[in-house]
>>> print(open('data.cif').read())   # mmCIF, C-alpha atoms
data_structure
loop_
_atom_site.label_atom_id
_atom_site.label_comp_id
_atom_site.auth_asym_id
_atom_site.auth_seq_id
_atom_site.Cartn_x
_atom_site.Cartn_y
_atom_site.Cartn_z
CA MET A 1 25.82 -81.11 172.65
CA ALA A 2 23.23 -79.59 170.33
CA ILE A 3 23.33 -77.39 167.25
CA LEU A 4 20.80 -74.56 167.12
CA VAL A 5 19.39 -74.14 163.60
CA THR A 6 17.34 -70.97 163.23
CA GLY A 7 14.98 -70.97 160.27
CA GLY A 8 15.47 -74.74 160.28
CA LEU A 9 12.16 -75.54 158.57
CA GLY A 10 12.88 -73.18 155.69
CA TYR A 11 14.27 -74.17 152.32
CA ILE A 12 18.03 -74.41 152.94
CA GLY A 13 17.56 -74.86 156.68
CA SER A 14 15.49 -78.04 156.37
CA HIS A 15 17.98 -79.66 153.99
CA THR A 16 20.82 -78.74 156.35
CA VAL A 17 18.96 -80.21 159.34
CA VAL A 18 18.74 -83.51 157.43
CA GLU A 19 22.49 -83.50 156.79
CA LEU A 20 23.23 -82.63 160.44
CA LEU A 21 21.02 -85.48 161.68
CA ASN A 22 22.65 -87.86 159.19
CA ASN A 23 25.99 -86.84 160.73
CA ASN A 24 24.70 -87.63 164.25
CA PHE A 25 24.34 -84.05 165.50
CA GLU A 26 21.53 -83.24 167.91
CA VAL A 27 19.47 -80.45 166.36
CA VAL A 28 17.29 -77.78 167.96
CA ILE A 29 15.17 -75.80 165.47
CA VAL A 30 13.70 -72.35 166.04
CA ASP A 31 11.42 -71.21 163.21
CA ASP A 32 8.46 -68.84 163.31
CA LEU A 33 6.87 -70.56 160.26
CA SER A 34 6.65 -67.24 158.39
CA ASN A 35 8.26 -68.83 155.32
CA SER A 36 7.80 -72.54 156.01
CA GLU A 37 5.17 -75.06 157.07
CA LYS A 38 4.85 -77.48 159.97
CA PHE A 39 4.64 -80.62 157.77
CA ILE A 40 8.32 -80.14 156.90
CA LEU A 41 9.21 -81.22 160.46
CA LYS A 42 7.38 -84.54 159.96
CA ASN A 43 9.10 -85.03 156.61
CA ILE A 44 12.54 -84.44 158.16
CA GLU A 45 11.74 -87.19 160.64
CA GLU A 46 10.57 -89.52 157.85
CA ILE A 47 13.78 -88.96 155.86
CA THR A 48 16.22 -89.34 158.77
CA GLY A 49 14.36 -91.48 161.31
CA LYS A 50 15.19 -88.79 163.88
CA LYS A 51 13.04 -86.02 165.34
CA PRO A 52 14.75 -82.68 166.00
CA ALA A 53 13.52 -80.45 168.81
CA PHE A 54 11.32 -77.65 167.46
CA TYR A 55 10.28 -74.27 168.88
CA PRO A 56 7.87 -72.08 166.85
CA PHE A 57 8.62 -68.48 167.78
CA ASP A 58 10.08 -65.26 166.42
CA LEU A 59 13.75 -64.77 167.34
CA LYS A 60 13.04 -61.15 168.19
CA ARG A 61 11.37 -62.53 171.36
CA LYS A 62 14.50 -62.60 173.49
CA GLU A 63 12.91 -64.22 176.53
CA LEU A 64 11.87 -67.32 174.54
CA LEU A 65 15.31 -67.58 172.96
CA THR A 66 16.91 -67.48 176.41
CA GLN A 67 14.69 -70.39 177.50
CA VAL A 68 15.96 -72.52 174.58
CA PHE A 69 19.58 -71.79 175.52
CA ASP A 70 18.78 -72.67 179.14
CA ALA A 71 17.24 -75.99 178.10
CA TYR A 72 20.05 -77.29 175.86
CA SER A 73 23.82 -77.50 175.86
CA ILE A 74 24.28 -75.57 172.60
CA GLU A 75 27.61 -76.23 170.85
CA GLY A 76 27.03 -74.07 167.80
CA CYS A 77 24.47 -72.27 165.66
CA ILE A 78 23.62 -72.15 161.97
CA ASN A 79 21.55 -69.03 161.38
CA PHE A 80 19.16 -69.17 158.43
CA ALA A 81 16.48 -66.94 159.97
CA ALA A 82 15.94 -64.04 157.56
CA TYR A 83 13.55 -62.54 155.08
CA LYS A 84 15.13 -63.26 151.70
CA ALA A 85 13.26 -61.78 148.72
CA VAL A 86 15.28 -59.19 146.78
CA GLY A 87 12.26 -57.47 145.24
CA GLU A 88 10.24 -57.41 148.45
CA SER A 89 13.19 -55.99 150.37
CA GLN A 90 13.05 -52.87 148.19
CA GLU A 91 9.40 -52.38 149.11
CA LYS A 92 9.70 -53.22 152.83
CA PRO A 93 13.20 -52.07 153.86
CA ILE A 94 12.48 -51.43 157.55
CA ASP A 95 10.88 -54.88 157.96
CA TYR A 96 14.00 -56.46 156.46
CA TYR A 97 16.43 -54.51 158.65
CA GLU A 98 14.43 -55.27 161.79
CA ASN A 99 13.92 -58.98 161.13
CA ASN A 100 17.29 -59.91 159.68
CA LEU A 101 19.48 -57.91 162.06
CA PHE A 102 17.61 -57.95 165.39
CA SER A 103 17.25 -61.74 165.30
CA LEU A 104 21.00 -62.12 164.65
CA ILE A 105 21.91 -59.74 167.49
CA ASN A 106 19.65 -61.57 169.95
CA ILE A 107 21.39 -64.88 169.20
CA LEU A 108 24.82 -63.28 169.57
CA GLN A 109 23.84 -61.79 172.92
CA GLU A 110 23.19 -65.35 174.15
CA PHE A 111 26.50 -66.51 172.65
CA LYS A 112 28.33 -63.64 174.36
CA THR A 113 26.72 -64.22 177.75
CA ARG A 114 27.33 -67.98 177.69
CA GLY A 115 30.81 -67.98 176.14
CA LEU A 116 29.65 -69.93 173.07
CA SER A 117 31.35 -70.18 169.69
CA ASN A 118 30.96 -72.04 166.36
CA PHE A 119 28.54 -69.73 164.55
CA ILE A 120 27.69 -70.20 160.88
CA PHE A 121 25.97 -67.36 159.04
CA SER A 122 23.81 -67.89 156.00
CA SER A 123 25.15 -65.10 153.81
CA SER A 124 24.85 -64.38 150.11
CA CYS A 125 26.78 -63.45 146.99
CA THR A 126 24.71 -60.25 147.01
CA VAL A 127 27.34 -58.82 149.39
CA TYR A 128 29.61 -58.41 146.35
CA GLY A 129 27.12 -56.20 144.50
CA GLN A 130 27.90 -56.20 140.78
CA ALA A 131 31.48 -57.45 140.83
CA ASP A 132 33.89 -56.07 138.23
CA GLU A 133 35.36 -59.45 137.32
CA MET A 134 34.16 -63.06 137.12
CA PRO A 135 34.35 -65.50 138.72
CA ILE A 136 33.90 -64.02 142.20
CA ASP A 137 36.29 -65.27 144.89
CA GLU A 138 36.48 -64.43 148.59
CA ASN A 139 38.97 -61.62 147.92
CA THR A 140 36.65 -59.84 145.50
CA PRO A 141 36.00 -56.37 146.97
CA LEU A 142 32.59 -55.96 148.57
CA LYS A 143 30.44 -53.23 147.05
CA MET A 144 27.27 -51.62 148.28
CA PRO A 145 24.65 -54.26 147.44
CA GLU A 146 21.93 -53.41 144.96
CA SER A 147 19.15 -54.56 147.31
CA VAL A 148 18.12 -54.02 150.93
CA TYR A 149 18.25 -57.81 151.35
CA GLY A 150 21.91 -57.74 150.27
CA LYS A 151 22.61 -54.87 152.65
CA THR A 152 21.24 -56.89 155.60
CA LYS A 153 23.58 -59.74 154.69
CA GLN A 154 26.58 -57.42 154.43
CA MET A 155 25.69 -55.78 157.78
CA GLY A 156 25.21 -59.21 159.34
CA GLU A 157 28.71 -60.20 158.24
CA GLU A 158 30.20 -57.02 159.72
CA ILE A 159 28.41 -57.64 163.02
CA LEU A 160 29.76 -61.20 163.16
CA ILE A 161 33.33 -60.21 162.29
CA ASP A 162 33.29 -57.61 165.06
CA PHE A 163 31.79 -60.19 167.44
CA ALA A 164 34.47 -62.79 166.63
CA LYS A 165 37.32 -60.31 167.06
CA ALA A 166 36.05 -58.76 170.29
CA TYR A 167 35.18 -62.00 172.08
CA HIS A 168 37.66 -64.44 170.45
CA ARG A 169 34.99 -66.61 168.87
CA LYS A 170 34.87 -68.82 165.78
CA ILE A 171 32.52 -68.02 162.93
CA SER A 172 32.00 -69.04 159.33
CA LEU A 173 30.39 -66.80 156.70
CA LEU A 174 28.93 -68.87 153.87
CA ARG A 175 28.21 -66.78 150.80
CA TYR A 176 25.71 -68.74 148.70
CA PHE A 177 25.12 -68.21 145.07
CA ASN A 178 21.64 -69.38 143.89
CA PRO A 179 20.27 -72.49 145.62
CA ILE A 180 17.87 -74.64 143.59
CA GLY A 181 16.37 -78.11 143.62
CA ALA A 182 14.79 -80.34 146.22
CA HIS A 183 15.66 -83.35 148.36
CA PRO A 184 15.90 -86.63 146.35
CA SER A 185 13.09 -88.04 148.52
CA SER A 186 10.83 -85.25 147.10
CA LYS A 187 9.76 -84.50 150.69
CA LEU A 188 11.67 -81.23 151.07
CA GLY A 189 11.92 -78.26 148.73
CA GLU A 190 11.34 -74.56 148.33
CA LEU A 191 7.94 -73.33 149.55
CA PRO A 192 7.48 -69.76 148.31
CA ILE A 193 4.72 -67.76 149.98
CA GLY A 194 2.54 -66.13 147.32
CA VAL A 195 4.16 -65.26 143.99
CA PRO A 196 7.73 -66.61 143.95
CA ASN A 197 10.59 -64.11 143.96
CA ASN A 198 13.22 -66.64 142.88
CA LEU A 199 13.49 -67.94 139.34
CA VAL A 200 13.26 -71.71 139.72
CA PRO A 201 10.12 -71.83 141.93
CA TYR A 202 8.46 -69.47 139.45
CA VAL A 203 9.49 -71.77 136.58
CA MET A 204 8.16 -74.76 138.54
CA GLN A 205 4.80 -73.13 139.26
CA THR A 206 4.45 -71.95 135.66
CA ALA A 207 5.09 -75.46 134.35
CA ALA A 208 2.48 -76.74 136.82
CA GLY A 209 -0.12 -74.23 135.59
CA ILE A 210 -0.23 -72.32 138.89
CA ARG A 211 1.20 -69.25 137.11
CA GLU A 212 0.10 -68.29 133.61
CA LYS A 213 3.54 -67.16 132.43
CA LEU A 214 7.03 -66.75 133.82
CA SER A 215 8.12 -63.11 134.07
CA VAL A 216 11.67 -62.73 132.74
CA TRP A 217 13.02 -59.51 134.25
CA GLY A 218 14.92 -57.89 131.39
CA ASP A 219 16.38 -59.20 128.12
CA ASP A 220 18.75 -56.30 127.48
CA TYR A 221 21.63 -57.29 129.77
CA PRO A 222 25.10 -57.64 128.16
CA THR A 223 24.96 -61.46 128.38
CA VAL A 224 24.76 -64.40 125.98
CA ASP A 225 21.00 -64.01 125.42
CA GLY A 226 20.26 -60.69 127.14
CA THR A 227 18.98 -62.25 130.39
CA ALA A 228 20.70 -62.12 133.77
CA VAL A 229 23.29 -64.80 134.63
CA ARG A 230 23.57 -66.59 137.99
CA ASP A 231 25.38 -69.57 139.52
CA TYR A 232 22.75 -72.19 140.42
CA ILE A 233 23.80 -74.64 143.14
CA TYR A 234 21.89 -77.75 144.20
CA VAL A 235 20.48 -77.31 147.70
CA VAL A 236 21.68 -80.70 149.03
CA ASP A 237 25.24 -79.91 147.91
CA LEU A 238 24.87 -76.57 149.71
CA ALA A 239 23.55 -78.24 152.88
CA LYS A 240 26.56 -80.56 153.00
CA ALA A 241 28.88 -77.54 152.94
CA HIS A 242 27.31 -76.33 156.21
CA VAL A 243 28.16 -79.60 157.95
CA ALA A 244 31.73 -79.42 156.63
CA ALA A 245 32.10 -75.80 157.82
CA LEU A 246 30.65 -76.67 161.24
CA LYS A 247 33.02 -79.60 161.74
CA ARG A 248 35.96 -77.37 160.81
CA LEU A 249 34.98 -74.83 163.47
CA ILE A 250 34.35 -77.45 166.16
CA ASN A 251 37.63 -79.27 165.46
CA ASP A 252 39.68 -76.06 165.68
CA GLU A 253 41.05 -76.08 169.24
CA SER A 254 42.83 -72.72 169.17
CA GLU A 255 41.68 -69.95 171.49
CA ASP A 256 42.05 -67.24 168.86
CA SER A 257 39.33 -65.63 166.80
CA LYS A 258 38.54 -67.56 163.65
CA ILE A 259 36.70 -66.02 160.70
CA ASP A 260 36.18 -68.40 157.80
CA ILE A 261 34.62 -67.02 154.61
CA TYR A 262 33.56 -69.31 151.77
CA ASN A 263 31.82 -68.85 148.43
CA LEU A 264 29.46 -71.73 147.73
CA GLY A 265 28.61 -72.18 144.07
CA THR A 266 29.32 -74.33 141.03
CA GLY A 267 31.73 -71.95 139.28
CA LYS A 268 29.45 -71.80 136.22
CA GLY A 269 26.93 -69.13 135.25
CA SER A 270 23.61 -69.84 133.55
CA SER A 271 21.24 -67.26 132.08
CA VAL A 272 17.54 -67.12 132.92
CA LEU A 273 16.57 -68.48 129.52
CA GLU A 274 19.18 -71.24 129.75
CA VAL A 275 17.60 -72.34 133.04
CA VAL A 276 14.12 -72.29 131.47
CA LYS A 277 15.27 -74.44 128.55
CA ALA A 278 17.14 -76.83 130.86
CA PHE A 279 13.99 -77.23 132.99
CA GLU A 280 11.91 -77.97 129.90
CA THR A 281 14.43 -80.54 128.66
CA ALA A 282 14.96 -82.23 132.03
CA ASN A 283 11.24 -82.65 132.72
CA ASN A 284 9.67 -82.74 129.25
CA VAL A 285 7.36 -79.82 130.02
CA GLU A 286 6.72 -76.35 128.60
CA VAL A 287 7.35 -73.10 130.45
CA PRO A 288 5.63 -70.13 128.76
CA TYR A 289 7.29 -66.81 129.56
CA LYS A 290 7.07 -63.10 128.88
CA ILE A 291 9.82 -60.48 128.84
CA CYS A 292 9.35 -57.68 131.41
CA ASP A 293 11.34 -54.61 132.39
CA ARG A 294 14.39 -55.09 134.58
CA ARG A 295 13.66 -55.50 138.29
CA GLU A 296 15.13 -53.03 140.76
CA GLY A 297 17.92 -54.56 142.85
CA ASP A 298 19.01 -57.18 140.30
CA ILE A 299 22.57 -57.38 139.02
CA THR A 300 23.75 -58.54 135.59
CA VAL A 301 25.99 -61.51 136.27
CA ALA A 302 27.38 -63.43 139.25
CA TYR A 303 29.11 -66.80 139.48
CA ALA A 304 31.52 -68.23 142.00
CA ASN A 305 35.08 -69.30 142.38
CA ALA A 306 34.60 -71.95 145.10
CA ASN A 307 38.18 -73.25 145.15
CA LYS A 308 38.71 -72.19 148.76
CA ALA A 309 35.80 -74.33 149.99
CA GLU A 310 37.10 -77.27 148.00
CA LYS A 311 40.58 -76.88 149.48
CA GLU A 312 39.71 -76.17 153.13
CA LEU A 313 36.37 -77.99 153.54
CA ASN A 314 36.97 -80.80 151.08
CA TRP A 315 33.64 -79.80 149.56
CA LYS A 316 32.54 -79.33 145.98
CA ALA A 317 29.21 -78.86 144.21
CA GLU A 318 28.61 -82.13 142.37
CA THR A 319 25.05 -82.03 140.98
CA SER A 320 24.28 -80.84 137.45
CA LEU A 321 21.78 -78.10 136.64
CA GLU A 322 19.52 -80.58 134.86
CA GLU A 323 19.51 -83.06 137.76
CA ALA A 324 18.74 -80.29 140.26
CA LEU A 325 15.86 -79.13 138.05
CA ARG A 326 14.52 -82.70 137.86
CA THR A 327 14.29 -82.81 141.65
CA THR A 328 12.43 -79.48 141.57
CA TRP A 329 9.73 -80.92 139.34
CA ASP A 330 9.46 -84.07 141.49
CA TRP A 331 8.92 -81.77 144.50
CA GLN A 332 6.12 -79.95 142.65
CA LYS A 333 4.45 -83.28 141.88
CA TYR A 334 4.72 -84.20 145.58
CA LEU A 335 3.04 -80.89 146.51
CA ASN A 336 0.30 -81.57 143.97
CA SER A 337 -0.34 -84.98 145.54
CA ARG A 338 -0.62 -83.36 148.99
CA ASN A 339 -3.21 -80.90 147.74
CA ASN A 340 -5.37 -83.49 145.96
#
>>> encode(input="data.cif", output="structure tokens")
Amino acid sequence: MAILVTGGLGYIGSHTVVELLNNNFEVVIVDDLSNSEKFILKNIEEITGKKPAFYPFDLKRKELLTQVFDAYSIEGCINFAAYKAVGESQEKPIDYYENNLFSLINILQEFKTRGLSNFIFSSSCTVYGQADEMPIDENTPLKMPESVYGKTKQMGEEILIDFAKAYHRKISLLRYFNPIGAHPSSKLGELPIGVPNNLVPYVMQTAAGIREKLSVWGDDYPTVDGTAVRDYIYVVDLAKAHVAALKRLINDESEDSKIDIYNLGTGKGSSVLEVVKAFETANNVEVPYKICDRREGDITVAYANANKAEKELNWKAETSLEEALRTTWDWQKYLNSRNN
């Protein structure tokens, strides 16, 4: 029995593949390499001693996806395949709707045809929009997201809920807060294409001299220091939650629909400037920055109540902000060594 991991060479996907292999799952990766690189596959093998199957194609190519399902006895899927930059999504909305939703629907068509279940969706706290109260739990009302990216995640959830109810399938919606950090081996981490859209890769590249200054988008928010507040979760902790959620679905023997929804975060918010200072302290480096206007699509504050995941999955974020930021810098040094 194999687990299909779409976007499995991407940032969160690659870390999750490692955890799946460490838990003796067979893994089949489909990734079009639009936001990842081939060397990550070799590094996964070096870390785990196991080589996952890999198919480099776009999930919108239905005929190739069908061939993968024909070739393997798929027991479940973890779907990471999506464009993910908030700012870019505002500039390229149709590209985001097409890529993020068509790929999901194509996978679900295969699941429907073959009677498959155990589907985990890589969702996001952006589905809550700007929540009225903190922390955000799974019962917090969903609002219209501020970004097109967030809208694709909310639509993806609705598609999956309808799918589970109509065909009596089991799914898990994992709403991440802000993943950061890199694998402790320093062989896996975030690989932004071009100028980073997420804070920590931008901080990392600024400290490394790749970027002249970090752009801080707004210092006039009603927060502790005027900069936006997020819940930053270590990527390996996040990857382990996927394995726990998958095992819960597989071990559920009921024939009824099952829709699990979990927030995955630390329960603590940190401002942009707090993250910058923590990075400087953890790694003994300087991160020059400049204050810019607010960025369209950004919200003021978001941090999680992850008690449900702790109770039902026996999972909890365990890694400190500083430790996660140390692994980020080690990853940058690894990338530097590859380029020299």
>>> residues_around(input="data.cif", residues="range 178-186 of chain A", least_positions_apart="4", cutoff="10 Å", atoms="all atoms listed in the file", output="count of residues only")
46
>>> resolve_selection(input="data.cif", expression="the PyMOL selection byres ((chain A and resi 248) around 12)", output="PyMOL selection string")
chain A and resi 76+118-120+170-172+241-247+249-254+258-260+309+312-315
>>> residues_around(input="data.cif", residues="Lys277 in chain A", least_positions_apart="3", cutoff="12 Å", atoms="only C-alpha atoms", output="PDB file with C-alpha atoms, in the frame of the given file")
ATOM      1  CA  VAL A 200      13.260 -71.710 139.720  1.00  0.00           C
ATOM      2  CA  VAL A 203       9.490 -71.770 136.580  1.00  0.00           C
ATOM      3  CA  ALA A 207       5.090 -75.460 134.350  1.00  0.00           C
ATOM      4  CA  SER A 270      23.610 -69.840 133.550  1.00  0.00           C
ATOM      5  CA  SER A 271      21.240 -67.260 132.080  1.00  0.00           C
ATOM      6  CA  VAL A 272      17.540 -67.120 132.920  1.00  0.00           C
ATOM      7  CA  LEU A 273      16.570 -68.480 129.520  1.00  0.00           C
ATOM      8  CA  GLU A 274      19.180 -71.240 129.750  1.00  0.00           C
ATOM      9  CA  GLU A 280      11.910 -77.970 129.900  1.00  0.00           C
ATOM     10  CA  THR A 281      14.430 -80.540 128.660  1.00  0.00           C
ATOM     11  CA  ALA A 282      14.960 -82.230 132.030  1.00  0.00           C
ATOM     12  CA  ASN A 283      11.240 -82.650 132.720  1.00  0.00           C
ATOM     13  CA  ASN A 284       9.670 -82.740 129.250  1.00  0.00           C
ATOM     14  CA  VAL A 285       7.360 -79.820 130.020  1.00  0.00           C
ATOM     15  CA  GLU A 286       6.720 -76.350 128.600  1.00  0.00           C
ATOM     16  CA  VAL A 287       7.350 -73.100 130.450  1.00  0.00           C
ATOM     17  CA  PRO A 288       5.630 -70.130 128.760  1.00  0.00           C
ATOM     18  CA  TYR A 289       7.290 -66.810 129.560  1.00  0.00           C
ATOM     19  CA  LEU A 321      21.780 -78.100 136.640  1.00  0.00           C
ATOM     20  CA  GLU A 322      19.520 -80.580 134.860  1.00  0.00           C
ATOM     21  CA  LEU A 325      15.860 -79.130 138.050  1.00  0.00           C
TER      22      LEU A 325
END
>>> residues_near_point(input="data.cif", point="(13.9, -63.6, 145.7)", cutoff="10 Å", atoms="all atoms listed in the file", output="MDAnalysis selection string")
chainID A and resid 83:89 149 178 192 196:199 201 298
>>> closest_residue(input="data.cif", among="A:Arg175, A:His168, A:Lys151, A:Lys92", to="Ser122 in chain A", atoms="only C-alpha atoms")
A:Arg175
>>> atom_distance(input="data.cif", atom1="CA of Gly115 in chain A", atom2="CA of Thr152 in chain A")
25.2 Å
>>> atom_distance(input="data.cif", atom1="CA of Ala131 in chain A", atom2="CA of Phe102 in chain A")
28.2 Å
>>> residues_around(input="data.cif", residues="Ile105 in chain A", least_positions_apart="2", cutoff="12 Å", atoms="only C-alpha atoms", output="count of residues only")
28
>>> closest_residue(input="data.cif", among="A:Ile261, A:Ile291, A:Val195, A:Val5", to="Thr140 in chain A", atoms="only C-alpha atoms")
A:Ile261
>>> atom_distance(input="data.cif", atom1="CA of Ile161 in chain A", atom2="CA of Val127 in chain A")
14.3 Å
>>> closest_residue(input="data.cif", among="A:Gly150, A:Gly209, A:Pro145, A:Gly189", to="Ile40 in chain A", atoms="all atoms listed in the file")
A:Gly189
>>> axis_aligned_box(input="data.cif", around="range 25-44 of chain A", padding_each_side="8 Å", output="AutoDock Vina command-line options")
--center_x 14.5 --center_y -76.1 --center_z 161.6 --size_x 35.7 --size_y 33.8 --size_z 28.6
>>> resolve_selection(input="data.cif", expression="the PyMOL selection byres ((chain A and resi 132) around 12)", output="PyMOL selection string")
chain A and resi 128-131+133-137+140-143+299-303
>>> resolve_selection(input="data.cif", expression="the PyMOL selection byres ((chain A and resi 22) around 12)", output="ChimeraX atom specification")
/A:15-21,23-27,44-45,47-52,239-240,243
